[in-house]
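This is structure-v8.cif. It holds mmCIF, C-alpha atoms.
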```cif
data_final
#
loop_
_atom_site.label_atom_id
_atom_site.label_comp_id
_atom_site.auth_asym_id
_atom_site.auth_seq_id
_atom_site.Cartn_x
_atom_site.Cartn_y
_atom_site.Cartn_z
CA GLU X 1 -156.71 -152.68 268.91
CA ALA X 2 -153.90 -154.97 267.73
CA GLY X 3 -154.56 -157.04 264.64
CA VAL X 4 -153.58 -160.61 263.90
CA THR X 5 -149.85 -161.12 264.29
CA GLN X 6 -147.68 -163.83 262.79
CA SER X 7 -144.09 -164.88 263.30
CA PRO X 8 -141.60 -165.22 261.86
CA THR X 9 -142.00 -162.96 258.84
CA HIS X 10 -139.68 -165.10 256.75
CA LEU X 11 -138.47 -168.65 257.25
CA ILE X 12 -135.92 -170.50 255.16
CA LYS X 13 -135.62 -174.27 255.56
CA THR X 14 -134.16 -177.16 253.63
CA ARG X 15 -135.99 -180.21 252.35
CA GLY X 16 -136.84 -182.72 255.05
CA GLN X 17 -136.68 -180.21 257.91
CA GLN X 18 -139.60 -179.11 260.06
CA ALA X 19 -141.09 -175.61 260.17
CA THR X 20 -143.10 -174.01 262.98
CA LEU X 21 -145.20 -170.94 262.31
CA ARG X 22 -147.03 -168.94 264.96
CA CYS X 23 -150.17 -166.81 265.03
CA SER X 24 -151.80 -164.59 267.64
CA PRO X 25 -155.44 -163.72 266.96
CA ILE X 26 -157.25 -160.48 267.61
CA SER X 27 -158.20 -160.13 271.26
CA GLY X 28 -161.61 -161.74 271.81
CA HIS X 29 -161.39 -164.00 268.76
CA THR X 30 -161.47 -167.70 269.56
CA SER X 31 -161.18 -169.15 266.05
CA VAL X 32 -158.00 -169.37 264.02
CA TYR X 33 -157.73 -170.44 260.39
CA TRP X 34 -154.57 -171.31 258.48
CA TYR X 35 -154.22 -170.92 254.72
CA GLN X 36 -151.50 -171.64 252.20
CA GLN X 37 -150.99 -169.24 249.31
CA ALA X 38 -148.50 -170.44 246.74
CA LEU X 39 -146.98 -167.78 244.47
CA GLY X 40 -149.59 -166.35 242.12
CA LEU X 41 -152.35 -168.60 243.42
CA GLY X 42 -155.39 -168.23 245.61
CA LEU X 43 -155.80 -169.17 249.22
CA GLN X 44 -156.04 -172.85 250.08
CA PHE X 45 -157.67 -173.73 253.39
CA LEU X 46 -155.40 -175.74 255.70
CA LEU X 47 -156.81 -175.91 259.23
CA TRP X 48 -159.44 -174.41 261.51
CA TYR X 49 -159.10 -174.27 265.31
CA ASP X 50 -161.71 -173.08 267.76
CA GLU X 51 -161.61 -173.17 271.55
CA GLY X 52 -158.46 -175.27 271.46
CA GLU X 53 -159.85 -177.98 269.19
CA GLU X 54 -159.16 -178.79 265.55
CA ARG X 55 -162.58 -178.38 263.91
CA ASN X 56 -161.80 -178.91 260.25
CA ARG X 57 -158.89 -179.44 257.90
CA GLY X 58 -158.42 -178.94 254.20
CA ASN X 59 -157.07 -181.35 251.64
CA PHE X 60 -153.47 -181.42 252.87
CA PRO X 61 -151.33 -184.36 254.02
CA PRO X 62 -150.96 -185.20 257.73
CA ARG X 63 -147.48 -183.66 257.86
CA PHE X 64 -149.35 -180.35 258.09
CA SER X 65 -150.56 -180.12 261.66
CA GLY X 66 -151.03 -177.60 264.39
CA ARG X 67 -152.57 -176.71 267.68
CA GLN X 68 -154.32 -173.92 269.49
CA PHE X 69 -153.25 -172.84 272.95
CA PRO X 70 -155.47 -171.78 275.90
CA ASN X 71 -154.83 -168.11 275.03
CA TYR X 72 -156.18 -168.88 271.50
CA SER X 73 -152.82 -168.37 269.79
CA SER X 74 -151.98 -171.07 267.32
CA GLU X 75 -149.04 -172.91 265.85
CA LEU X 76 -148.74 -174.54 262.43
CA ASN X 77 -146.18 -177.31 262.02
CA VAL X 78 -145.02 -178.64 258.70
CA ASN X 79 -142.93 -181.80 258.88
CA ALA X 80 -140.70 -183.36 256.24
CA LEU X 81 -140.66 -180.17 254.18
CA GLU X 82 -140.89 -180.44 250.42
CA LEU X 83 -139.97 -177.84 247.83
CA GLU X 84 -143.62 -177.32 246.92
CA ASP X 85 -144.36 -176.23 250.50
CA SER X 86 -142.74 -172.89 249.66
CA ALA X 87 -145.56 -170.37 250.01
CA LEU X 88 -147.02 -167.54 252.04
CA TYR X 89 -148.81 -169.00 255.06
CA LEU X 90 -151.64 -166.84 256.30
CA CYS X 91 -153.44 -166.96 259.60
CA ALA X 92 -156.88 -165.45 260.08
CA SER X 93 -158.97 -165.02 263.21
CA THR X 94 -162.68 -164.63 263.72
CA VAL X 95 -165.49 -164.91 266.19
CA TYR X 96 -167.31 -168.19 265.77
CA GLY X 97 -171.06 -168.09 266.39
CA GLY X 98 -172.28 -171.67 266.21
CA GLU X 99 -172.81 -172.57 262.57
CA VAL X 100 -172.12 -169.05 261.40
CA SER X 101 -168.67 -167.58 261.19
CA TYR X 102 -168.14 -163.90 260.94
CA GLU X 103 -165.62 -162.01 258.87
CA GLN X 104 -162.05 -163.26 259.00
CA TYR X 105 -159.16 -160.90 259.68
CA PHE X 106 -155.78 -161.87 258.32
CA GLY X 107 -152.27 -161.48 259.61
CA PRO X 108 -149.36 -160.36 257.41
CA GLY X 109 -148.27 -163.94 256.74
CA THR X 110 -145.09 -165.98 257.04
CA ARG X 111 -143.12 -166.49 253.85
CA LEU X 112 -141.72 -170.05 253.96
CA THR X 113 -138.99 -170.91 251.49
CA VAL X 114 -137.83 -174.50 251.17
CA THR X 115 -134.52 -175.07 249.40
CA GLY O 1 -165.50 -178.95 246.80
CA GLN O 2 -167.00 -175.55 246.24
CA GLN O 3 -165.85 -173.54 243.26
CA LEU O 4 -165.75 -169.76 243.24
CA ASN O 5 -165.28 -168.23 239.82
CA GLN O 6 -163.94 -164.72 239.96
CA SER O 7 -163.72 -162.47 236.93
CA PRO O 8 -162.03 -160.82 235.33
CA GLN O 9 -158.68 -162.40 236.12
CA SER O 10 -156.87 -159.10 235.56
CA MET O 11 -157.71 -155.50 234.69
CA PHE O 12 -155.65 -152.61 233.40
CA ILE O 13 -157.45 -149.28 233.74
CA GLN O 14 -156.75 -145.58 233.62
CA GLU O 15 -156.80 -143.58 236.83
CA GLY O 16 -160.27 -142.16 237.39
CA GLU O 17 -162.12 -145.02 235.70
CA ASP O 18 -164.65 -147.20 237.47
CA VAL O 19 -164.00 -150.90 238.06
CA SER O 20 -166.36 -153.86 238.30
CA MET O 21 -165.58 -157.43 239.22
CA ASN O 22 -167.72 -160.35 240.23
CA CYS O 23 -167.69 -163.73 241.85
CA THR O 24 -170.02 -166.67 241.27
CA SER O 25 -170.48 -169.89 243.16
CA SER O 26 -171.87 -173.29 242.29
CA SER O 27 -174.16 -173.28 245.33
CA ILE O 28 -176.01 -170.91 247.61
CA PHE O 29 -173.85 -168.88 249.97
CA ASN O 30 -174.91 -167.14 253.18
CA THR O 31 -171.86 -164.89 253.51
CA TRP O 32 -169.75 -162.99 251.00
CA LEU O 33 -166.53 -161.17 251.85
CA TRP O 34 -164.28 -159.01 249.68
CA TYR O 35 -160.58 -158.60 250.40
CA LYS O 36 -157.66 -156.66 248.90
CA GLN O 37 -154.15 -158.06 249.05
CA ASP O 38 -150.95 -156.15 248.38
CA PRO O 39 -147.84 -158.11 247.33
CA GLY O 40 -146.30 -160.11 250.18
CA GLU O 41 -148.96 -159.05 252.67
CA GLY O 42 -152.09 -160.56 254.13
CA PRO O 43 -155.53 -159.82 252.66
CA VAL O 44 -157.35 -156.86 254.16
CA LEU O 45 -161.11 -157.10 254.60
CA LEU O 46 -162.96 -154.49 252.56
CA ILE O 47 -166.65 -155.37 252.81
CA ALA O 48 -168.75 -158.14 254.39
CA LEU O 49 -172.24 -159.10 253.15
CA TYR O 50 -174.74 -161.32 254.95
CA LYS O 51 -178.14 -160.92 253.23
CA ALA O 52 -179.35 -161.52 249.70
CA GLY O 53 -179.71 -158.19 247.91
CA GLU O 54 -177.60 -156.38 250.50
CA LEU O 55 -175.66 -153.43 249.08
CA THR O 56 -172.83 -152.08 251.21
CA SER O 57 -170.37 -149.26 250.61
CA ASN O 58 -166.95 -148.52 252.03
CA GLY O 59 -165.77 -145.21 250.63
CA ARG O 60 -165.38 -145.60 246.87
CA LEU O 61 -166.07 -149.33 247.12
CA THR O 62 -169.52 -150.86 246.81
CA ALA O 63 -170.36 -154.54 247.00
CA GLN O 64 -173.61 -156.41 246.56
CA PHE O 65 -174.86 -159.81 247.64
CA GLY O 66 -176.63 -161.21 244.58
CA ILE O 67 -180.34 -162.01 244.71
CA THR O 68 -179.73 -165.62 243.68
CA ARG O 69 -177.27 -165.91 246.61
CA LYS O 70 -174.81 -167.47 244.18
CA ASP O 71 -172.95 -164.32 243.25
CA SER O 72 -171.49 -161.07 244.48
CA PHE O 73 -170.17 -157.93 242.84
CA LEU O 74 -167.55 -155.36 243.80
CA ASN O 75 -167.37 -151.93 242.22
CA ILE O 76 -164.66 -149.32 242.69
CA SER O 77 -165.45 -145.80 241.56
CA ALA O 78 -162.94 -143.21 240.36
CA SER O 79 -159.91 -145.50 240.73
CA ILE O 80 -156.63 -144.16 242.09
CA PRO O 81 -153.10 -145.62 241.97
CA SER O 82 -153.30 -147.04 245.51
CA ASP O 83 -156.20 -149.27 244.38
CA VAL O 84 -153.57 -151.48 242.73
CA GLY O 85 -153.55 -154.98 244.15
CA ILE O 86 -155.33 -158.31 244.02
CA TYR O 87 -158.97 -158.45 245.03
CA PHE O 88 -160.38 -161.69 246.39
CA CYS O 89 -163.93 -162.73 247.04
CA ALA O 90 -164.64 -165.26 249.76
CA GLY O 91 -167.82 -166.97 250.78
CA GLN O 92 -169.37 -169.46 253.13
CA PRO O 93 -171.90 -171.94 251.72
CA GLU O 94 -175.39 -172.17 253.20
CA LEU O 95 -174.87 -175.90 253.48
CA TYR O 96 -172.65 -176.40 256.50
CA THR O 97 -169.17 -177.46 255.40
CA GLY O 98 -167.22 -177.32 258.62
CA ASN O 99 -167.27 -173.54 258.77
CA GLN O 100 -164.94 -173.30 255.81
CA PHE O 101 -164.63 -170.18 253.73
CA TYR O 102 -163.90 -170.57 250.03
CA PHE O 103 -161.84 -168.04 248.12
CA GLY O 104 -161.93 -166.91 244.52
CA THR O 105 -158.77 -166.93 242.43
CA GLY O 106 -158.46 -163.16 242.56
CA THR O 107 -158.67 -160.17 240.23
CA SER O 108 -155.39 -158.36 239.67
CA LEU O 109 -155.99 -154.62 239.27
CA THR O 110 -153.48 -152.28 237.68
CA VAL O 111 -154.22 -148.55 237.63
CA ILE O 112 -152.32 -146.49 235.09
CA PRO O 113 -151.73 -142.90 236.25
#
```

How does this structure look as structure tokens?
Amino acid sequence: EAGVTQSPTHLIKTRGQQATLRCSPISGHTSVYWYQQALGLGLQFLLWYDEGEERNRGNFPPRFSGRQFPNYSSELNVNALELEDSALYLCASTVYGGEVSYEQYFGPGTRLTVT
Amino acid sequence: GQQLNQSPQSMFIQEGEDVSMNCTSSSIFNTWLWYKQDPGEGPVLLIALYKAGELTSNGRLTAQFGITRKDSFLNISASIPSDVGIYFCAGQPELYTGNQFYFGTGTSLTVIP
């Protein structure tokens, strides 16, 4: 069974540009989470999508946005890039069971570098 | 927001030694997960715990869901060089918070051959 996939592996942008990151969840998983992991730091929750809807977002500015498609894949968009947006962006998928979420499985990440 | 305190921050051990690390929360959690992350890669799920007192093993790894439901422990027995990496705990609070998982700051493990 294929795991969570993310593309691209690496992305280099300049300040002020926009970045689009993509994620395909494990087959059968309807929930997708996005996290930011700056160098040497822990994972910071960005966004949660389930069944095509944004269900929750972390403490990030509105220029971080995304969407989930009917096939449950997801896209993260970062507008007006700033240097501090440089980080590893991780996508995780899970099965959502009402108020209980089950274990999250992560993709390999997209390394975004803003120069 | 929720705080997960993970300790120790880093460990340097000899190959063959046992390792213990733990994670504590400021509130009651109903799920604890343990992950290992290699440099530049995504975290890999090691063990998932769903009940207070639950003890689960995965090979040389054993994790426990603390009785107070505010902590969890991960033990690695007879460490080997490929155990090197960063270990993260993650948990979901009992009080519904939009289905968010919270992550610890990680324990960096170095195994000296």

Contacts of Gly104 in chain O within 6 Å, all atoms listed in the file, excl. fewer than 2 positions in-chain, as a PDB file with C-alpha atoms, keeping the file's coordinate frame:
```pdb
ATOM      1  CA  LEU O   4    -165.750-169.760 243.240  1.00  0.00           C
ATOM      2  CA  ASN O   5    -165.280-168.230 239.820  1.00  0.00           C
ATOM      3  CA  GLN O   6    -163.940-164.720 239.960  1.00  0.00           C
ATOM      4  CA  PHE O  88    -160.380-161.690 246.390  1.00  0.00           C
ATOM      5  CA  CYS O  89    -163.930-162.730 247.040  1.00  0.00           C
ATOM      6  CA  GLY O 106    -158.460-163.160 242.560  1.00  0.00           C
TER       7      GLY O 106
END
```

I need the residue nearest chain O from this list: X:Leu43, X:Leu112, X:Val95, X:Leu76. Use only C-alpha atoms for the distance.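 Comparing X:Leu43, X:Leu112, X:Val95, X:Leu76 against chain O, the winner is X:Leu43.
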
Closest contacts (chain O/chain X, max 9 Å, only C-alpha atoms) as CSV:
```
residue,atom,partner,partner_atom,distance
O:Asn30,CA,X:Val100,CA,8.9
O:Thr31,CA,X:Tyr102,CA,8.4
O:Trp32,CA,X:Glu103,CA,8.9
O:Leu33,CA,X:Glu103,CA,7.1
O:Gly40,CA,X:Leu88,CA,7.7
O:Glu41,CA,X:Pro108,CA,4.9
O:Gly42,CA,X:Pro108,CA,4.3
O:Pro43,CA,X:Phe106,CA,6.0
O:Val44,CA,X:Phe106,CA,6.7
O:Leu45,CA,X:Tyr105,CA,6.6
O:Ala48,CA,X:Glu103,CA,6.7
O:Phe88,CA,X:Gly42,CA,8.3
O:Gln92,CA,X:Ser101,CA,8.3
O:Tyr96,CA,X:Glu99,CA,7.2
O:Thr97,CA,X:Asn56,CA,8.9
O:Gly98,CA,X:Asn56,CA,5.9
O:Asn99,CA,X:Ser101,CA,6.6
O:Gln100,CA,X:Phe45,CA,7.7
O:Phe101,CA,X:Phe45,CA,7.8
O:Tyr102,CA,X:Phe45,CA,7.8
O:Phe103,CA,X:Leu43,CA,6.2
O:Gly104,CA,X:Gly42,CA,6.8
O:Thr105,CA,X:Gly42,CA,4.8
O:Gly106,CA,X:Gly42,CA,6.7
```

Expansion of the PyMOL selection byres ((chain X and resi 20) around 12) into residues, as a short mmCIF file (atom, residue, chain, number, x, y, z; two decimals) with C-alpha atoms, keeping the file's coordinate frame:
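This is the output file result-v1.cif:
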```
data_model
loop_
_atom_site.label_atom_id
_atom_site.label_comp_id
_atom_site.auth_asym_id
_atom_site.auth_seq_id
_atom_site.Cartn_x
_atom_site.Cartn_y
_atom_site.Cartn_z
CA GLN X 6 -147.68 -163.83 262.79
CA SER X 7 -144.09 -164.88 263.30
CA PRO X 8 -141.60 -165.22 261.86
CA THR X 9 -142.00 -162.96 258.84
CA HIS X 10 -139.68 -165.10 256.75
CA LEU X 11 -138.47 -168.65 257.25
CA ILE X 12 -135.92 -170.50 255.16
CA LYS X 13 -135.62 -174.27 255.56
CA GLN X 17 -136.68 -180.21 257.91
CA GLN X 18 -139.60 -179.11 260.06
CA ALA X 19 -141.09 -175.61 260.17
CA LEU X 21 -145.20 -170.94 262.31
CA ARG X 22 -147.03 -168.94 264.96
CA CYS X 23 -150.17 -166.81 265.03
CA ARG X 63 -147.48 -183.66 257.86
CA PHE X 64 -149.35 -180.35 258.09
CA SER X 65 -150.56 -180.12 261.66
CA GLY X 66 -151.03 -177.60 264.39
CA ARG X 67 -152.57 -176.71 267.68
CA SER X 74 -151.98 -171.07 267.32
CA GLU X 75 -149.04 -172.91 265.85
CA LEU X 76 -148.74 -174.54 262.43
CA ASN X 77 -146.18 -177.31 262.02
CA VAL X 78 -145.02 -178.64 258.70
CA ASN X 79 -142.93 -181.80 258.88
CA ALA X 80 -140.70 -183.36 256.24
CA LEU X 81 -140.66 -180.17 254.18
CA TYR X 89 -148.81 -169.00 255.06
CA THR X 110 -145.09 -165.98 257.04
CA ARG X 111 -143.12 -166.49 253.85
CA LEU X 112 -141.72 -170.05 253.96
#
```

Got a sec: who's within 8 Å of Met11 in chain O, counting all atoms listed in the file, leaving out chain neighbours fewer than 5 positions off, as a VMD selection string? chain O and resid 107 to 110

Deliver the residues from the most recent selection as a file, using C-alpha atoms, as a PDB file, in the coordinates of the input.
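Result file is out.pdb:
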```pdb
ATOM      1  CA  THR O 107    -158.670-160.170 240.230  1.00  0.00           C
ATOM      2  CA  SER O 108    -155.390-158.360 239.670  1.00  0.00           C
ATOM      3  CA  LEU O 109    -155.990-154.620 239.270  1.00  0.00           C
ATOM      4  CA  THR O 110    -153.480-152.280 237.680  1.00  0.00           C
TER       5      THR O 110
END
```

Using all atoms listed in the file, which residues sit within 12 Å of Phe12 in chain O once same-chain residues fewer than 4 positions away are excluded, as a list of chain:residue names?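 With the cut-off at 12 Å, the set is O:Pro8, O:Glu17, O:Asp18, O:Val19, O:Ser20, O:Ser79, O:Pro81, O:Asp83, O:Val84, O:Gly85, O:Thr107, O:Ser108, O:Leu109, O:Thr110, O:Val111, O:Ile112, O:Pro113.
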
Point-to-point distance in Å for CA of Tyr50 in chain O and CA of Ile26 in chain X: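 These atoms are spaced 21.6 Å apart.
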
Expanded to explicit residues, what is the PyMOL selection byres ((chain O and resi 52) around 10) for this file, as a PyMOL selection string? chain O and resi 29-32+49-51+53-55+64-72

Just the number, please: distance in Å from CA of Gln36 in chain X to CA of Thr5 in chain X, one decimal.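 Taking CA of Gln36 in chain X and CA of Thr5 in chain X, their separation equals 16.1 Å.
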
One residue among O:Asp38, O:Phe73, O:Gly91, O:Ser10 is nearest to Cys23 in chain O when using only C-alpha atoms, and that residue is O:Phe73

Quick one: pull the distance between CA of Ser31 in chain X and CA of Tyr72 in chain X, Å, one decimal.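 Computing the Euclidean distance for CA of Ser31 in chain X and CA of Tyr72 in chain X yields 7.4 Å.
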
What's the 9 Å shell around range 59-62 of chain O, counting only C-alpha atoms, without same-chain residues fewer than 5 positions away, as an MDAnalysis selection string? chainID O and resid 46:47 73:79

Give as a list in words the residues that the PyMOL selection byres ((chain X and resi 85) around 8) matches when applied to the coordinates above.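 When the PyMOL selection byres ((chain X and resi 85) around 8) is applied, the selected residues are Leu81, Glu82, Leu83, Glu84, Ser86, Ala87, Leu112, Thr113 and Val114 of chain X.
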
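Proximity of O:Asn22, O:Gln14, O:Gln9, O:Thr56 to Ile80 in chain O, computed with only C-alpha atoms, is greatest for O:Gln14.
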